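Dumped run-v4.txt below, it's compact mmCIF, C-alpha atoms:
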# COMPACT_ATOMS: atom_id res chain seq x y z
CA MET A 84 -28.08 -14.59 -41.72
CA GLU A 85 -29.05 -17.37 -39.33
CA LYS A 86 -27.50 -19.92 -41.70
CA LYS A 87 -24.26 -17.95 -41.79
CA LYS A 88 -24.28 -17.76 -38.01
CA ASP A 89 -24.59 -21.55 -37.82
CA ILE A 90 -21.62 -21.94 -40.17
CA ILE A 91 -19.59 -19.53 -38.02
CA PHE A 92 -20.47 -21.61 -34.96
CA GLU A 93 -19.24 -24.70 -36.82
CA ASP A 94 -15.98 -22.92 -37.61
CA ILE A 95 -15.54 -22.14 -33.91
CA GLU A 96 -16.21 -25.78 -32.98
CA LYS A 97 -13.55 -27.01 -35.41
CA THR A 98 -10.81 -25.07 -33.61
CA ASP A 99 -8.70 -26.46 -30.78
CA LEU A 100 -9.79 -23.65 -28.47
CA ALA A 101 -10.89 -24.50 -24.95
CA LYS A 102 -14.61 -25.21 -24.47
CA LEU A 103 -15.07 -22.10 -22.34
CA THR A 104 -13.41 -19.93 -25.01
CA LYS A 105 -15.67 -21.40 -27.69
CA LYS A 106 -18.67 -20.64 -25.50
CA VAL A 107 -17.53 -17.04 -25.02
CA TYR A 108 -17.01 -16.53 -28.77
CA LYS A 109 -20.43 -17.97 -29.55
CA SER A 110 -21.99 -15.58 -27.05
CA ARG A 111 -20.13 -12.67 -28.68
CA ILE A 112 -21.35 -13.78 -32.11
CA ASN A 113 -24.94 -13.93 -30.89
CA ASN A 114 -24.63 -10.40 -29.51
CA LEU A 115 -23.15 -9.14 -32.78
CA PHE A 116 -25.99 -10.60 -34.86
CA LYS A 117 -28.57 -8.96 -32.58
CA THR A 118 -27.27 -5.44 -33.22
CA LYS A 119 -28.94 -3.18 -35.79
CA GLY A 120 -25.71 -2.21 -37.53
CA PHE A 121 -24.27 -5.68 -38.09
CA PRO A 122 -22.54 -6.30 -40.44
CA ASP A 123 -22.94 -3.14 -42.54
CA ASP A 124 -21.83 -0.54 -40.00
CA ILE A 125 -19.30 -2.09 -37.67
CA ILE A 126 -18.63 1.16 -35.79
CA GLN A 127 -22.34 1.41 -35.00
CA VAL A 128 -22.17 -2.20 -33.80
CA VAL A 129 -19.35 -1.35 -31.40
CA GLU A 130 -21.32 1.62 -30.09
CA GLU A 131 -24.46 -0.49 -29.62
CA LEU A 132 -22.57 -3.08 -27.63
CA ASN A 133 -20.86 -0.44 -25.51
CA PRO A 134 -23.59 2.10 -24.62
CA ASN A 135 -21.62 3.45 -21.65
CA ASN A 136 -18.51 4.13 -23.76
CA ASN A 137 -16.37 2.05 -21.43
CA LEU A 138 -12.84 1.87 -22.82
CA ASN A 139 -12.07 -1.65 -21.57
CA SER A 140 -15.34 -2.96 -23.00
CA GLU A 141 -14.63 -1.39 -26.37
CA VAL A 142 -11.16 -2.90 -26.52
CA ASN A 143 -12.62 -6.34 -25.76
CA ILE A 144 -15.39 -5.98 -28.36
CA VAL A 145 -13.01 -5.01 -31.16
CA SER A 146 -10.50 -7.66 -30.11
CA ASN A 147 -13.18 -10.35 -30.22
CA ILE A 148 -14.39 -9.29 -33.67
CA LEU A 149 -10.82 -9.52 -35.01
CA ALA A 150 -10.25 -12.89 -33.35
CA ILE A 151 -13.46 -14.36 -34.79
CA ALA A 152 -12.62 -12.94 -38.24
CA ASN A 153 -9.33 -14.84 -38.14
CA ILE A 154 -11.02 -18.08 -37.05
CA SER A 155 -13.97 -18.09 -39.46
CA LYS A 156 -13.71 -17.38 -43.18
CA THR A 157 -17.51 -17.05 -43.29
CA PHE A 158 -17.42 -14.35 -40.63
CA ASN A 159 -14.48 -12.61 -42.32
CA LYS A 160 -16.33 -12.46 -45.63
CA LEU A 161 -19.09 -10.41 -44.01
CA PHE A 162 -16.72 -7.42 -44.15
CA ASP A 163 -14.52 -5.71 -46.71
CA LYS A 164 -10.78 -5.95 -46.09
CA GLU A 165 -10.76 -2.21 -45.44
CA VAL A 166 -13.18 -2.72 -42.56
CA ILE A 167 -10.91 -5.30 -40.93
CA ASP A 168 -7.90 -3.02 -41.42
CA SER A 169 -9.83 -0.15 -39.84
CA LEU A 170 -10.73 -2.35 -36.89
CA ARG A 171 -7.09 -3.24 -36.39
CA GLU A 172 -6.21 0.45 -36.38
CA LEU A 173 -9.07 1.17 -33.97
CA TYR A 174 -7.95 -1.61 -31.66
CA ASP A 175 -4.43 -0.20 -31.47
CA LYS A 176 -5.60 3.32 -30.77
CA LEU A 177 -7.97 2.07 -28.06
CA ALA A 178 -5.31 -0.15 -26.53
CA THR A 179 -2.82 2.70 -26.52
CA ALA A 180 -5.33 4.86 -24.67
CA GLN A 181 -6.05 1.98 -22.29
CA LYS A 182 -2.48 1.70 -21.12
CA SER A 183 -0.38 4.66 -20.07
CA LYS A 184 2.94 5.31 -21.78
CA ASP A 185 4.83 5.21 -18.49
CA GLN A 186 8.26 3.72 -18.90
CA ILE A 187 9.05 0.53 -17.05
CA GLU A 188 12.05 0.05 -14.83
CA THR A 189 15.40 -0.24 -16.57
CA ARG A 190 16.98 -3.70 -16.61
CA ASP A 191 20.66 -4.35 -16.05
CA ASN A 192 21.24 -5.59 -19.60
CA ASP A 193 19.25 -2.83 -21.38
CA VAL A 194 21.10 -1.13 -24.22
CA THR A 195 20.22 1.72 -26.54
CA TRP A 196 19.36 1.26 -30.19
CA ASN A 197 22.29 3.47 -31.14
CA TYR A 198 24.61 1.13 -29.26
CA LEU A 199 23.24 -1.84 -31.23
CA LEU A 200 23.76 0.06 -34.48
CA SER A 201 27.37 0.72 -33.48
CA LEU A 202 28.05 -3.03 -33.31
CA GLU A 203 28.15 -3.07 -37.11
CA ASN A 204 31.75 -1.92 -36.70
CA ASN A 205 32.55 -5.31 -35.11
CA LEU A 206 31.17 -7.51 -37.90
CA GLU A 207 34.62 -8.10 -39.41
CA LYS A 208 36.28 -9.21 -36.19
CA PRO A 209 37.97 -12.65 -36.49
CA ASN A 210 35.65 -14.39 -34.00
CA ILE A 211 32.45 -13.34 -35.83
CA LYS A 212 30.69 -16.13 -37.71
CA GLY A 213 28.60 -15.99 -40.88
CA ASP A 214 25.34 -16.53 -39.00
CA ASP A 215 26.30 -13.70 -36.63
CA ARG A 216 26.32 -11.32 -39.58
CA LEU A 217 22.98 -12.65 -40.83
CA ILE A 218 21.42 -12.20 -37.37
CA PHE A 219 22.75 -8.66 -37.06
CA HIS A 220 21.42 -7.63 -40.47
CA LEU A 221 18.03 -9.31 -39.89
CA TYR A 222 17.42 -7.70 -36.52
CA ILE A 223 19.37 -4.42 -36.52
CA THR A 224 20.37 -2.97 -39.87
CA PRO A 225 19.07 -2.88 -42.50
CA GLY A 226 16.54 -5.07 -40.68
CA ILE A 227 12.93 -5.53 -41.71
CA GLY A 228 11.34 -2.54 -39.96
CA PHE A 229 10.49 -4.31 -36.71
CA ILE A 230 11.95 -6.88 -34.31
CA PRO A 231 10.21 -10.25 -34.55
CA ARG A 232 10.60 -12.79 -31.79
CA ASN A 233 12.33 -15.95 -33.03
CA ASP A 234 10.06 -16.24 -36.07
CA PHE A 235 13.07 -16.74 -38.33
CA ALA A 236 13.63 -20.08 -36.57
CA GLN A 237 11.41 -22.02 -38.99
CA MET A 238 11.42 -19.71 -41.99
CA LYS A 239 11.47 -21.66 -45.25
CA ILE A 240 13.41 -20.27 -48.23
CA VAL A 241 11.55 -20.69 -51.54
CA ASP A 242 11.80 -19.20 -55.02
CA ASP A 243 8.32 -17.75 -55.56
CA PHE A 244 4.89 -17.33 -53.99
CA ASN A 245 3.61 -20.58 -55.53
CA ASP A 246 5.98 -22.42 -53.20
CA ALA A 247 4.62 -20.65 -50.12
CA GLU A 248 1.06 -21.92 -49.87
CA ASN A 249 1.39 -23.85 -46.62
CA GLU A 250 0.41 -21.33 -43.94
CA ASP A 251 2.00 -23.44 -41.20
CA TYR A 252 5.37 -21.92 -42.15
CA ASN A 253 7.00 -18.54 -42.47
CA TYR A 254 8.74 -17.91 -45.79
CA TYR A 255 11.41 -15.96 -47.54
CA ILE A 256 10.44 -15.58 -51.22
CA ARG A 257 13.83 -15.21 -52.87
CA ASN A 258 12.71 -13.99 -56.31
CA GLU A 259 10.50 -11.32 -54.75
CA LYS A 260 12.79 -10.39 -51.84
CA THR A 261 9.74 -10.73 -49.60
CA MET A 262 9.14 -12.35 -46.22
CA LEU A 263 5.80 -13.86 -45.22
CA PHE A 264 5.06 -14.31 -41.53
CA ASN A 265 2.16 -16.74 -41.04
CA GLU A 266 3.15 -18.28 -37.72
CA TYR A 267 3.91 -15.94 -34.83
CA LYS A 268 2.55 -15.28 -31.35
CA THR A 269 -0.32 -12.97 -32.30
CA SER A 270 -1.00 -14.28 -35.82
CA LYS A 271 -4.63 -15.13 -34.96
CA ARG A 272 -5.30 -11.44 -34.40
CA TYR A 273 -3.15 -9.83 -37.10
CA GLY A 274 -3.07 -12.44 -39.86
CA GLN A 275 -0.25 -12.73 -42.40
CA ILE A 276 2.51 -10.11 -42.33
CA LYS A 277 4.25 -9.41 -45.65
CA VAL A 278 7.58 -7.57 -45.61
CA GLU A 279 9.74 -6.53 -48.58
CA ILE A 280 13.43 -6.52 -47.72
CA SER A 281 16.40 -4.59 -49.05
CA ASN A 282 19.01 -5.80 -51.51
CA LYS A 283 21.62 -5.39 -48.77
CA LEU A 284 19.84 -7.85 -46.49
CA ASP A 285 19.17 -10.29 -49.33
CA LYS A 286 22.92 -10.70 -49.84
CA PHE A 287 23.29 -12.22 -46.37
CA ILE A 288 20.49 -14.79 -46.72
CA PRO A 289 21.96 -18.26 -47.41
CA ILE A 290 21.69 -19.53 -50.98
CA ASP A 291 22.49 -23.18 -50.18
CA GLN A 292 19.85 -23.82 -47.49
CA ASP A 293 16.14 -24.61 -47.42
CA TRP A 294 15.66 -22.73 -44.16
CA MET A 295 16.84 -19.36 -42.87
CA PHE A 296 18.58 -21.16 -39.99
CA GLU A 297 19.33 -24.86 -40.20
CA GLN A 298 20.69 -27.55 -37.95
CA ASP A 299 21.71 -30.76 -39.73
CA GLY A 300 19.49 -29.82 -42.67
CA GLU A 301 16.42 -29.33 -40.47
CA PRO A 302 14.81 -26.02 -39.45
CA MET A 303 16.22 -24.66 -36.22
CA GLN A 304 13.77 -24.64 -33.31
CA ASP A 305 12.68 -21.55 -31.37
CA ASN A 306 14.80 -22.20 -28.29
CA SER A 307 17.88 -22.86 -30.39
CA ILE A 308 17.54 -19.65 -32.38
CA SER A 309 17.07 -17.63 -29.16
CA LYS A 310 20.35 -19.02 -27.83
CA LYS A 311 22.01 -18.42 -31.19
CA ILE A 312 20.96 -14.75 -31.12
CA SER A 313 22.34 -14.31 -27.61
CA ARG A 314 25.67 -15.92 -28.54
CA ALA A 315 25.96 -13.77 -31.68
CA PHE A 316 25.46 -10.51 -29.80
CA LYS A 317 27.75 -11.64 -26.99
CA ARG A 318 30.54 -11.98 -29.57
CA LEU A 319 29.63 -8.70 -31.29
CA SER A 320 29.51 -6.77 -28.00
CA ASP A 321 32.60 -8.31 -26.38
CA GLY A 322 30.65 -10.18 -23.73
CA LYS A 323 27.43 -8.26 -23.04
CA ASP A 324 24.32 -10.25 -22.13
CA ILE A 325 22.08 -9.21 -25.05
CA THR A 326 19.03 -11.40 -25.62
CA LEU A 327 16.13 -11.23 -28.05
CA VAL A 328 14.10 -9.46 -25.36
CA THR A 329 16.94 -6.93 -25.02
CA LEU A 330 16.69 -6.20 -28.76
CA ARG A 331 12.90 -5.78 -28.62
CA ARG A 332 13.09 -3.47 -25.60
CA ALA A 333 15.78 -1.35 -27.26
CA PHE A 334 13.72 -1.02 -30.43
CA ALA A 335 10.52 -0.21 -28.53
CA THR A 336 12.33 2.50 -26.58
CA HIS A 337 13.79 3.83 -29.83
CA ILE A 338 10.34 4.30 -31.41
CA LYS A 339 8.29 5.25 -28.34
CA ASP A 340 8.58 8.99 -28.94
CA LEU A 341 7.39 8.78 -32.54
CA PRO A 342 3.89 10.09 -33.38
CA ASP A 343 1.14 7.62 -32.46
CA ASP A 344 0.30 6.83 -36.10
CA ASP A 345 3.93 5.99 -36.88
CA ARG A 346 4.21 3.84 -33.76
CA ARG A 347 0.96 2.09 -34.62
CA LYS A 348 2.16 1.23 -38.15
CA ILE A 349 5.35 -0.28 -36.76
CA ALA A 350 3.38 -2.03 -34.00
CA LEU A 351 1.04 -3.66 -36.50
CA LYS A 352 4.01 -4.97 -38.47
CA MET A 353 5.55 -6.11 -35.22
CA GLY A 354 2.52 -8.20 -34.38
CA HIS A 355 1.88 -6.08 -31.31
CA SER A 356 -0.48 -3.35 -30.34
CA SER A 357 1.08 0.02 -29.59
CA MET A 358 0.18 -0.78 -26.01
CA THR A 359 2.51 -3.78 -26.02
CA ASN A 360 5.29 -1.75 -27.60
CA SER A 361 5.02 0.70 -24.72
CA SER A 362 5.27 -2.12 -22.19
CA TYR A 363 8.55 -3.26 -23.73
CA SER A 364 10.18 0.17 -23.59
CA HIS A 365 12.62 1.31 -20.90
CA ASN A 366 14.35 4.46 -19.72
CA LYS A 367 17.11 5.70 -21.97
Any chance you could give the structure as structure tokens?
Amino acid sequence: MEKKKDIIFEDIEKTDLAKLTKKVYKSRINNLFKTKGFPDDIIQVVEELNPNNNLNSEVNIVSNILAIANISKTFNKLFDKEVIDSLRELYDKLATAQKSKDQIETRDNDVTWNYLLSLENNLEKPNIKGDDRLIFHLYITPGIGFIPRNDFAQMKIVDDFNDAENEDYNYYIRNEKTMLFNEYKTSKRYGQIKVEISNKLDKFIPIDQDWMFEQDGEPMQDNSISKKISRAFKRLSDGKDITLVTLRRAFATHIKDLPDDDRRKIALKMGHSSMTNSSYSHNK
């Protein structure tokens, strides 16, 4: 096990993390290897490292294990995939308990999810562009089951999974009607997200482009897609200031009253903990 620990340390060193962060992770790894349950009984490990059952400590322990598992393949291989999935579920339940579900103050441009759904009636207005329709169907209905940030900005369109091996990109696999999210804000914690989309949505995805959104044949950048989303919904809503954050807050408010397990499943797809979903929500 000492040899594996050394390899894990090497994996940490190869990252572009700050020196202090690397030091912290190495300390966490040392503590993990000292426990009696590691790596066979990860729940026992968490309990050993948190003898006082402190909620904040437990959240940090589980979060660190998941982060290290995403950095080091050697560390990840110490566990079955089911164990990692269970840890992700545990993290979300702990994080939800850590933060109250109190609603945050309503913003001037907040809208309800039902209002956003009603904008489908405006898709055939003369001033609506083709990309406006694509944006609406990607984010609202039929959608993909959650509201990503601007992760469609550099989404490459390919025919099959063999063309999607570069994990620096997000992909739409046309033949499989599947999206792969490799690059997003919390990808180091949650790993790749795979989403199957509906036939209805597939019809709106461009067939003559290499990227979901292009500008002069090149993938559109994050800032540009954010502005594009705002302009699309301004046209659809006859002038309302609806941004990507507005969409995410509306969706989070829409799902906040669902049972915790349902919210957690959506949150995991969303690349957020249930805690973060709660922080996005607002008063109806």
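In this comparison, which uses all atoms listed in the file, the residue of A:Arg331, A:Lys286, A:Lys239, A:Lys317 approaching A:Glu301 most closely is A:Lys239.
The shortest atom-to-atom distance to A:Met303, with all atoms listed in the file taken into account, belongs to A:Met238 out of A:Asn249, A:Ser281, A:Ala333, A:Met238.
Of the listed residues (A:Ile288, A:Ala247, A:Asp193, A:Arg257), A:Ile288 comes nearest to A:Phe235; the distances count only C-alpha atoms.
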Shortest interatomic distance to A:Glu85 - which of A:Leu221, A:Leu206, A:Leu177, A:Ile112, counting all atoms listed in the file: A:Ile112
Calculated over only C-alpha atoms, which of the candidates A:Arg190, A:Lys310, A:Lys87, A:His220 has the smallest distance to A:Pro122? A:Lys87
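Of the residues listed (A:Phe229, A:Trp294, A:Asn258, A:Asp246), A:Phe229 shows the shortest atom-to-atom separation from A:Ile338; distances use all atoms listed in the file.
Distance-wise, atom CA of A:Val194 and atom CA of A:Arg314 end up 16.1 Å apart.
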Please provide as a tab-separated table (two decimals) with C-alpha atoms, in the frame of the given file all residues within 12 Å of A:Phe287, with the sequence filter that same-chain residues fewer than 5 positions apart are discarded (counting all atoms listed in the file).
chain	number	residue	atom	x	y	z
A	213	GLY	CA	28.60	-15.99	-40.88
A	214	ASP	CA	25.34	-16.53	-39.00
A	215	ASP	CA	26.30	-13.70	-36.63
A	216	ARG	CA	26.32	-11.32	-39.58
A	217	LEU	CA	22.98	-12.65	-40.83
A	218	ILE	CA	21.42	-12.20	-37.37
A	219	PHE	CA	22.75	-8.66	-37.06
A	220	HIS	CA	21.42	-7.63	-40.47
A	221	LEU	CA	18.03	-9.31	-39.89
A	224	THR	CA	20.37	-2.97	-39.87
A	225	PRO	CA	19.07	-2.88	-42.50
A	226	GLY	CA	16.54	-5.07	-40.68
A	257	ARG	CA	13.83	-15.21	-52.87
A	260	LYS	CA	12.79	-10.39	-51.84
A	280	ILE	CA	13.43	-6.52	-47.72
A	281	SER	CA	16.40	-4.59	-49.05
A	282	ASN	CA	19.01	-5.80	-51.51
A	295	MET	CA	16.84	-19.36	-42.87
A	296	PHE	CA	18.58	-21.16	-39.99
Point-to-point distance from atom CA of A:Asp234 to atom CA of A:Asp305, Å rounded to tenths: 7.6 Å
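What separates atom CA of A:Lys106 from atom CA of A:Asn265 is a distance of 26.3 Å.
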Six-sided padding of 5 Å per side, axis-aligned box over stretch 198-206 of chain A, centre and edges in Å, one decimal, as AutoDock Vina command-line options:
--center_x 27.9 --center_y -3.2 --center_z -33.6 --size_x 19.3 --size_y 18.6 --size_z 18.6
Would you pick out the contacts of A:Glu131 at 10 Å or less, using all atoms listed in the file, so that residues sharing its chain but fewer than 6 positions from it are not included, and give the list as a PyMOL selection string? chain A and resi 114-115+117-121+125
Residue neighbourhood A:Tyr174, 7 Å, all atoms listed in the file, exclusion window fewer than 5 positions, as a list in words: Val142, Val145 and Ser146 of chain A
Kindly save the residues from that selection, with C-alpha atoms included, as an mmCIF file, in the frame of the given file.
data_model
loop_
_atom_site.group_PDB
_atom_site.id
_atom_site.type_symbol
_atom_site.label_atom_id
_atom_site.label_comp_id
_atom_site.auth_asym_id
_atom_site.auth_seq_id
_atom_site.Cartn_x
_atom_site.Cartn_y
_atom_site.Cartn_z
ATOM 1 C CA VAL A 142 -11.160 -2.900 -26.520
ATOM 2 C CA VAL A 145 -13.010 -5.010 -31.160
ATOM 3 C CA SER A 146 -10.500 -7.660 -30.110
#
Excluding same-chain residues fewer than 6 positions from A:Arg318, what lies within 9 Å of it counting only C-alpha atoms, as a list in words? Asn205, Asn210, Ile211 and Asp215 of chain A
